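Structure data follow from input19.cif (mmCIF, C-alpha atoms):
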data_final
#
loop_
_atom_site.label_atom_id
_atom_site.label_comp_id
_atom_site.auth_asym_id
_atom_site.auth_seq_id
_atom_site.Cartn_x
_atom_site.Cartn_y
_atom_site.Cartn_z
CA MET A 283 3.77 76.67 -7.67
CA SER A 284 3.33 73.15 -9.02
CA LEU A 285 3.84 69.54 -8.03
CA SER A 286 7.26 69.69 -9.72
CA ASP A 287 8.34 72.34 -7.18
CA VAL A 288 7.56 69.92 -4.37
CA MET A 289 9.07 66.85 -6.00
CA GLN A 290 12.23 68.59 -7.21
CA PRO A 291 13.80 69.64 -3.91
CA ALA A 292 16.77 71.98 -3.78
CA SER A 293 17.71 71.61 -0.10
CA PRO A 294 18.21 68.77 2.41
CA GLU A 295 15.06 69.86 4.24
CA ALA A 296 12.92 69.77 1.12
CA SER A 297 14.49 66.43 0.12
CA ALA A 298 13.30 64.87 3.36
CA LEU A 299 9.77 66.20 2.88
CA ALA A 300 9.68 65.10 -0.78
CA ALA A 301 10.75 61.58 0.24
CA ILE A 302 7.94 61.44 2.80
CA ILE A 303 5.37 62.66 0.27
CA GLU A 304 6.51 60.24 -2.43
CA THR A 305 6.61 57.27 -0.06
CA SER A 306 3.18 58.13 1.34
CA LEU A 307 1.74 58.27 -2.17
CA TRP A 308 3.16 54.88 -3.08
CA VAL A 309 2.03 53.32 0.19
CA GLY A 310 -1.45 54.75 -0.35
CA VAL A 311 -1.58 53.39 -3.88
CA GLY A 312 -0.32 50.01 -2.68
CA ALA A 313 -2.87 49.89 0.12
CA PHE A 314 -5.68 50.69 -2.32
CA VAL A 315 -4.56 48.02 -4.80
CA LEU A 316 -4.19 45.46 -1.98
CA ALA A 317 -7.67 46.28 -0.68
CA MET A 318 -9.18 45.83 -4.14
CA VAL A 319 -7.38 42.49 -4.64
CA VAL A 320 -8.52 41.23 -1.24
CA LEU A 321 -12.09 42.38 -1.93
CA ALA A 322 -12.16 40.62 -5.30
CA GLY A 323 -10.70 37.47 -3.77
CA ALA A 324 -13.21 37.55 -0.93
CA LEU A 325 -16.13 37.82 -3.32
CA LEU A 326 -14.87 34.77 -5.21
CA TRP A 327 -14.03 32.88 -2.03
CA GLN A 328 -17.34 33.77 -0.41
CA LYS A 329 -19.19 31.54 -2.87
CA ARG A 330 -17.16 28.53 -1.72
CA ARG A 331 -16.52 29.15 1.94
CA PRO A 332 -17.64 32.20 3.98
CA VAL A 333 -14.87 34.05 5.85
CA ALA A 334 -15.53 34.73 9.52
CA GLU A 335 -16.41 38.34 10.31
CA GLY A 336 -13.64 38.48 12.90
CA TRP A 337 -11.00 38.15 10.20
CA TRP A 338 -12.39 41.19 8.40
CA ILE A 339 -12.75 43.31 11.52
CA TRP A 340 -9.50 42.43 13.30
CA GLY A 341 -7.32 41.55 10.34
CA GLY A 342 -8.44 43.94 7.65
CA GLY A 343 -9.77 46.71 9.87
CA LEU A 344 -7.14 46.90 12.63
CA VAL A 345 -4.01 44.75 12.28
CA LEU A 346 -3.19 45.42 8.62
CA PRO A 347 -3.79 49.22 8.74
CA ALA A 348 -1.82 49.44 11.98
CA LEU A 349 1.13 47.62 10.44
CA VAL A 350 1.11 49.51 7.14
CA PHE A 351 0.28 53.04 8.26
CA GLY A 352 1.90 52.73 11.66
CA GLY A 353 5.09 51.70 9.91
CA LEU A 354 4.76 54.64 7.53
CA LEU A 355 4.28 57.00 10.48
CA ALA A 356 7.34 55.67 12.28
CA TRP A 357 9.46 55.91 9.13
CA SER A 358 8.23 59.45 8.42
CA MET A 359 9.08 60.61 11.94
CA GLY A 360 12.58 59.22 11.56
CA ARG A 361 13.03 60.74 8.11
CA SER A 362 11.95 64.18 9.35
CA GLU A 363 14.20 64.07 12.41
CA GLY A 364 16.06 67.34 12.81
CA LEU A 365 13.90 69.46 10.51
CA ASP A 366 12.79 71.58 13.46
CA ASP A 367 16.21 71.88 15.08
CA VAL A 368 17.63 75.31 15.84
CA ALA A 369 19.81 76.59 13.00
CA PRO A 370 23.54 76.24 13.68
CA ALA A 371 25.75 79.12 14.68
CA GLY A 372 26.93 81.13 11.72
CA SER A 373 23.64 80.88 9.88
CA LEU A 374 22.42 83.82 7.83
CA GLN A 375 19.60 85.40 9.83
CA VAL A 376 16.72 87.21 8.18
CA THR A 377 13.44 88.42 9.68
CA VAL A 378 10.53 88.01 7.27
CA THR A 379 7.37 89.96 8.06
CA GLY A 380 4.26 89.29 6.01
CA ARG A 381 2.23 92.37 5.16
CA MET A 382 -0.81 92.96 2.96
CA TRP A 383 0.41 92.04 0.35
CA TRP A 384 4.20 91.97 0.30
CA TRP A 385 7.19 90.57 2.20
CA ASP A 386 9.27 92.80 4.46
CA LEU A 387 12.85 91.46 4.79
CA ARG A 388 15.36 92.50 7.46
CA TYR A 389 18.84 91.05 7.22
CA ALA A 390 20.68 90.89 10.55
CA GLU A 391 24.25 92.09 11.01
CA ASP A 392 26.56 89.46 9.57
CA GLY A 393 30.33 89.15 9.55
CA GLY A 394 30.79 92.73 10.65
CA LEU A 395 28.53 94.05 7.89
CA PRO A 396 25.55 96.13 9.09
CA ALA A 397 21.91 95.11 9.03
CA PHE A 398 19.73 96.33 6.17
CA ALA A 399 16.19 96.07 4.81
CA SER A 400 14.84 94.74 1.53
CA ALA A 401 11.52 93.45 0.21
CA ASN A 402 9.96 90.61 -1.78
CA GLU A 403 13.23 89.05 -2.94
CA LEU A 404 15.25 86.98 -0.48
CA ARG A 405 18.84 86.54 -1.62
CA VAL A 406 20.80 83.78 0.11
CA PRO A 407 24.11 81.96 -0.40
CA ALA A 408 23.93 78.37 -1.66
CA GLY A 409 25.41 75.88 0.80
CA ARG A 410 24.89 78.05 3.90
CA THR A 411 22.04 77.57 6.36
CA VAL A 412 19.52 80.41 6.45
CA ARG A 413 17.41 81.02 9.53
CA LEU A 414 14.16 82.90 8.96
CA THR A 415 12.31 84.54 11.83
CA LEU A 416 8.70 84.80 10.66
CA ALA A 417 6.28 87.49 11.83
CA SER A 418 3.12 89.21 10.60
CA GLY A 419 2.29 92.88 10.56
CA ASP A 420 -1.46 92.46 10.10
CA VAL A 421 -3.26 89.14 9.43
CA ILE A 422 -2.18 85.50 9.27
CA HIS A 423 0.08 84.78 6.30
CA SER A 424 2.01 81.61 5.52
CA LEU A 425 5.32 81.12 3.75
CA TRP A 426 5.92 78.06 1.61
CA VAL A 427 8.90 77.68 -0.71
CA PRO A 428 8.30 74.04 -1.79
CA SER A 429 11.77 73.53 -3.23
CA LEU A 430 13.45 74.59 0.03
CA ASN A 431 11.28 73.62 3.01
CA GLY A 432 7.76 73.11 4.30
CA LYS A 433 4.98 75.55 5.09
CA MET A 434 5.13 77.81 8.15
CA ASP A 435 2.53 80.33 9.31
CA LEU A 436 3.20 83.98 10.11
CA VAL A 437 0.88 84.86 12.99
CA PRO A 438 0.32 88.34 14.47
CA GLY A 439 1.95 88.66 17.89
CA ARG A 440 3.99 85.49 17.51
CA LEU A 441 7.43 84.65 16.10
CA ASN A 442 7.97 81.38 14.23
CA ARG A 443 11.19 80.13 12.68
CA LEU A 444 12.13 78.20 9.58
CA SER A 445 15.56 77.09 8.35
CA PHE A 446 16.85 75.77 5.06
CA THR A 447 20.09 75.30 3.15
CA ALA A 448 19.82 75.82 -0.60
CA SER A 449 21.91 73.15 -2.33
CA THR A 450 22.40 74.91 -5.65
CA PRO A 451 22.01 78.43 -7.04
CA GLY A 452 18.63 79.16 -8.56
CA VAL A 453 15.38 81.09 -8.18
CA TYR A 454 12.68 79.47 -6.06
CA ARG A 455 9.10 80.68 -5.79
CA GLY A 456 7.46 81.03 -2.38
CA PRO A 457 3.79 82.10 -2.43
CA CYS A 458 1.72 83.05 0.57
CA ALA A 459 -0.04 79.80 1.47
CA GLU A 460 -2.75 81.17 3.79
CA TYR A 461 -5.63 83.24 2.41
CA CYS A 462 -5.00 86.80 3.58
CA GLY A 463 -7.27 89.02 1.49
CA THR A 464 -7.80 90.43 -1.97
CA GLN A 465 -4.26 90.05 -3.25
CA HIS A 466 -3.39 86.79 -1.51
CA ALA A 467 -2.50 85.27 -4.89
CA GLY A 468 -0.32 88.29 -5.69
CA MET A 469 1.97 87.88 -2.68
CA VAL A 470 5.00 85.89 -3.80
CA LEU A 471 8.46 85.76 -2.26
CA GLN A 472 11.25 85.05 -4.72
CA VAL A 473 14.19 83.25 -3.11
CA VAL A 474 17.37 83.78 -5.11
CA ALA A 475 20.10 81.34 -4.10
CA MET A 476 23.47 82.64 -5.27
CA ALA A 477 26.98 81.24 -5.46
CA PRO A 478 28.70 82.15 -2.16
CA GLU A 479 31.14 84.58 -3.80
CA ASP A 480 28.30 86.31 -5.68
CA PHE A 481 26.26 86.61 -2.51
CA ASP A 482 29.21 88.05 -0.59
CA ALA A 483 29.70 90.69 -3.28
CA TRP A 484 26.00 91.54 -3.22
CA ARG A 485 26.02 91.70 0.59
CA ARG A 486 28.99 94.07 0.59
CA ARG A 487 27.20 96.36 -1.86
CA GLN A 488 24.20 96.47 0.46
CA ALA A 489 26.49 97.49 3.33
CA GLN A 490 28.04 100.41 1.47
CA PRO A 491 26.77 103.80 2.62
CA SER A 492 24.48 105.36 0.04
CA GLN A 493 24.84 108.97 -0.96
CA PRO A 494 22.28 111.45 -2.23
CA PRO A 495 22.51 112.19 -5.95
CA ALA A 496 25.63 114.25 -6.60
CA PRO A 497 25.36 117.56 -8.46
CA ALA A 498 27.00 115.87 -11.44
CA ALA A 499 24.26 113.24 -11.64
CA GLN A 500 21.80 113.20 -14.50
CA PRO A 501 19.28 116.06 -14.23
CA LEU A 502 16.40 113.58 -14.58
CA SER A 503 17.60 111.62 -11.54
CA LEU A 504 18.08 114.81 -9.52
CA ARG A 505 14.55 115.88 -10.41
CA GLY A 506 13.30 112.45 -9.37
CA ALA A 507 14.95 112.79 -5.95
CA ASP A 508 13.00 116.01 -5.35
CA LEU A 509 9.77 114.45 -6.60
CA PHE A 510 10.25 111.41 -4.37
CA ARG A 511 10.01 113.79 -1.44
CA ASP A 512 7.50 116.31 -2.79
CA ARG A 513 4.99 113.75 -4.14
CA GLY A 514 4.86 111.87 -0.84
CA CYS A 515 6.74 108.72 -1.88
CA ALA A 516 9.02 109.06 1.16
CA ALA A 517 5.99 108.84 3.46
CA CYS A 518 5.79 105.10 2.71
CA HIS A 519 9.11 104.09 1.15
CA THR A 520 12.80 104.37 1.95
CA VAL A 521 15.80 104.52 -0.36
CA ARG A 522 18.77 104.22 1.96
CA GLY A 523 20.87 107.38 1.99
CA ARG A 524 18.78 109.03 -0.72
CA SER A 525 15.48 109.82 0.97
CA GLU A 526 14.04 110.59 4.35
CA VAL A 527 13.47 107.60 6.60
CA ALA A 528 9.91 106.39 6.21
CA ALA A 529 7.62 104.91 8.81
CA GLU A 530 8.56 101.23 8.92
CA GLY A 531 6.10 98.82 7.39
CA LEU A 532 4.03 101.24 5.33
CA GLY A 533 5.67 100.23 2.08
CA PRO A 534 8.62 98.18 0.81
CA ASP A 535 12.16 99.46 1.04
CA LEU A 536 13.04 100.54 -2.51
CA THR A 537 16.82 100.46 -2.22
CA GLY A 538 18.05 98.69 -5.34
CA VAL A 539 14.50 97.95 -6.48
CA THR A 540 15.49 97.81 -10.16
CA GLN A 541 17.86 94.91 -9.37
CA ARG A 542 14.95 92.72 -8.28
CA LEU A 543 13.38 90.22 -10.62
CA TRP A 544 9.78 91.27 -9.98
CA LEU A 545 7.78 94.30 -8.84
CA GLY A 546 4.70 94.20 -6.61
CA ALA A 547 5.66 90.94 -4.84
CA GLY A 548 5.64 88.82 -7.96
CA VAL A 549 2.93 90.41 -10.11
CA LEU A 550 5.05 92.39 -12.60
CA ARG A 551 8.19 90.97 -14.16
CA GLN A 552 11.04 93.46 -14.50
CA SER A 553 12.53 93.83 -17.95
CA SER A 554 15.30 95.89 -19.42
CA GLY A 555 14.92 99.61 -18.98
CA ARG A 556 12.43 101.44 -16.80
CA GLU A 557 9.18 100.45 -18.47
CA ALA A 558 7.98 98.02 -15.78
CA LEU A 559 8.82 100.51 -13.03
CA LYS A 560 7.02 103.31 -14.85
CA ARG A 561 3.95 101.09 -15.33
CA TRP A 562 3.88 100.30 -11.63
CA ILE A 563 4.24 103.93 -10.54
CA THR A 564 1.62 105.12 -13.01
CA ASP A 565 -1.14 102.63 -12.17
CA ALA A 566 -0.33 99.99 -9.56
CA GLN A 567 -4.05 99.46 -8.98
CA ALA A 568 -4.54 98.22 -12.53
CA ILE A 569 -1.76 95.68 -12.03
CA LYS A 570 -2.53 94.70 -8.43
CA PRO A 571 -6.08 95.79 -7.48
CA GLY A 572 -6.47 96.41 -3.78
CA ALA A 573 -2.78 97.00 -3.10
CA ARG A 574 -2.00 99.92 -0.80
CA MET A 575 0.09 101.58 -3.49
CA PRO A 576 -2.00 104.46 -4.87
CA THR A 577 -2.41 105.36 -8.52
CA PHE A 578 -0.31 108.22 -9.91
CA ARG A 579 -1.94 108.59 -13.32
CA HIS A 580 -2.37 112.29 -12.57
CA LEU A 581 1.38 112.93 -12.70
CA PRO A 582 2.85 114.17 -15.98
CA ALA A 583 4.86 111.61 -17.94
CA GLN A 584 8.01 113.65 -17.35
CA GLU A 585 7.63 113.27 -13.58
CA ILE A 586 7.07 109.52 -13.89
CA ASP A 587 10.26 109.33 -15.97
CA ALA A 588 12.15 111.28 -13.33
CA LEU A 589 10.96 109.09 -10.47
CA ALA A 590 11.90 105.95 -12.36
CA ALA A 591 15.33 107.41 -13.17
CA PHE A 592 15.88 108.23 -9.48
CA LEU A 593 15.04 104.69 -8.40
CA GLU A 594 17.06 103.14 -11.22
CA ASP A 595 20.13 105.21 -10.39
CA GLY A 596 19.86 104.37 -6.70
CA PRO A 597 22.23 101.99 -4.88
#
structure tokens encoding of this file:
Amino acid sequence: MSLSDVMQPASPEASALAAIIETSLWVGVGAFVLAMVVLAGALLWQKRRPVAEGWWIWGGGLVLPALVFGGLLAWSMGRSEGLDDVAPAGSLQVTVTGRMWWWDLRYAEDGGLPAFASANELRVPAGRTVRLTLASGDVIHSLWVPSLNGKMDLVPGRLNRLSFTASTPGVYRGPCAEYCGTQHAGMVLQVVAMAPEDFDAWRRRQAQPSQPPAPAAQPLSLRGADLFRDRGCAACHTVRGRSEVAAEGLGPDLTGVTQRLWLGAGVLRQSSGREALKRWITDAQAIKPGARMPTFRHLPAQEIDALAAFLEDGP
């Protein structure tokens, strides 16, 4: 995240906040310059004719700041009008739960298509309002995607909401903005805004029922399906239609994991092939120390290959 993310908004909500930030900066700079000019003038004037203390106290200390910063406050409140309004009917609804240290995403039923789960990568259609329901599964987290909207906390036992409408397709970075433990810096939500037709196609694929590997599937993938169960992966993770249902919240849903841009909530960039996935399975602790994903260095390379093939061939 950088200042350019804040000052290059990609939604109406972020545009309003960027305008407030930019105007506040210029007003602050102007107020500082004005104060310095007045101070310099006063020092020169003081030698000729002392200025009454009342002018400094009432004029410079109360009236002028009230006019300048009171005006800025009033303008800012008007410019931010509607940012906290309830999202309109027909909005895409997603529940985002912050966990140590990843993002649990639950898409609601939409347009007759069933609900489904994902993790760490929020895909949305450009031009359509998205309503996020924010929750926490452990400690206080905070979501901030500077290009799309402001910061909102995720508090245990409480539901907050945040809405935005991405103006153009693109990938926008949203780090956790509240210190939450060892891997606070390694907890990044990628928001992928897609063209509406591309999002619809992706959403339909997510709704399709998944099937276990067919007998005609590659032997490596079939072996990986067995290992996913036998090595305990299914105790924390789910691959829809291809593994036993896991206890919710223990680990990210891995359905279509190889289609995501990053692994480990933004710490390992996915590249062509299975190499990134194999690195993560083999030694997640070396990549993201403190994560709840254990190390599997003890597994033979052939088993790591099979697990990666199973996840790559998944829906």
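From atom CA of A:Trp383 back to atom CA of A:Ser445, the distance works out to 22.7 Å.
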- prompt: Written as a list in words, which residues does the PyMOL selection byres ((chain A and resi 417) around 9) give for the file shown?
  reply: Thr377, Val378, Thr379, Gly380, Thr415, Leu416, Ser418, Gly419, His423, Asp435, Leu436, Val437, Pro438, Gly439, Arg440, Leu441, Asn442 and Arg443 of chain A
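Closest approach to A:Val376 among A:Leu414, A:Ala547, A:Leu349, A:Met476: A:Leu414, based on all atoms listed in the file.
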field: the PyMOL selection byres ((chain A and resi 576) around 7) applied to the shown file, residues as a VMD selection string
entry: chain A and resid 566 to 567 574 to 575 577 to 578
query: What does the PyMOL selection byres ((chain A and resi 425) around 10) select in this file, as a count of residues only?
result: 24
message: Please list as a list in words every residue within 9 Å of A:Leu299, counting all atoms listed in the file and excluding residues in the same chain fewer than 3 positions away.
response: Val288, Met289, Pro291, Pro294, Glu295, Ala296, Ile302, Ile303, Glu304, Ser358, Arg361, Ser362, Asn431 and Gly432 of chain A
- request: Report the distance between atom CA of A:Pro571 and atom CA of A:Phe398 in Å, rounded to one decimal place.
  value: 29.2 Å
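Candidate residues A:Ile586, A:Val350, A:Leu545, A:Val473 were compared for distance to A:Ile569, and the nearest is A:Leu545, using all atoms listed in the file.
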- prompt: Taking into account only C-alpha atoms, which residue in the set A:Ala477, A:Val539, A:Ala300, A:Ala516 is nearest to A:Glu403?
  reply: A:Val539
task: Pull the neighbourhood of (2.4, 54.5, -0.9) for me: all residues within 12 Å in file coordinates, counting all atoms listed in the file, as a ChimeraX atom specification.
output: /A:301-316,350-351,353-355
task: Compare A:Ala489, A:Val453, A:Ala590, A:Leu543 by their minimum atom-to-atom distance to A:Leu504, counting all atoms listed in the file, and give me the closest one.
output: A:Ala590
message: What does the structure give for the distance between atom CA of A:Leu559 and atom CA of A:Glu585, in Å to one decimal?
response: 12.8 Å
field: Protein/DNA/RNA residues near (16.9, 99.6, -12.8), cut 12 Å, all atoms listed in the file, as a ChimeraX atom specification
entry: /A:536-545,552-560,589-597
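Candidate residues A:Val549, A:Ala292, A:Ala483, A:Ala298 were compared for distance to A:Trp357, and the nearest is A:Ala298, using all atoms listed in the file.
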field: Shortest interatomic distance to A:Arg485 - which of A:Tyr389, A:Tyr461, A:Tyr454, A:Trp562, counting all atoms listed in the file
entry: A:Tyr389
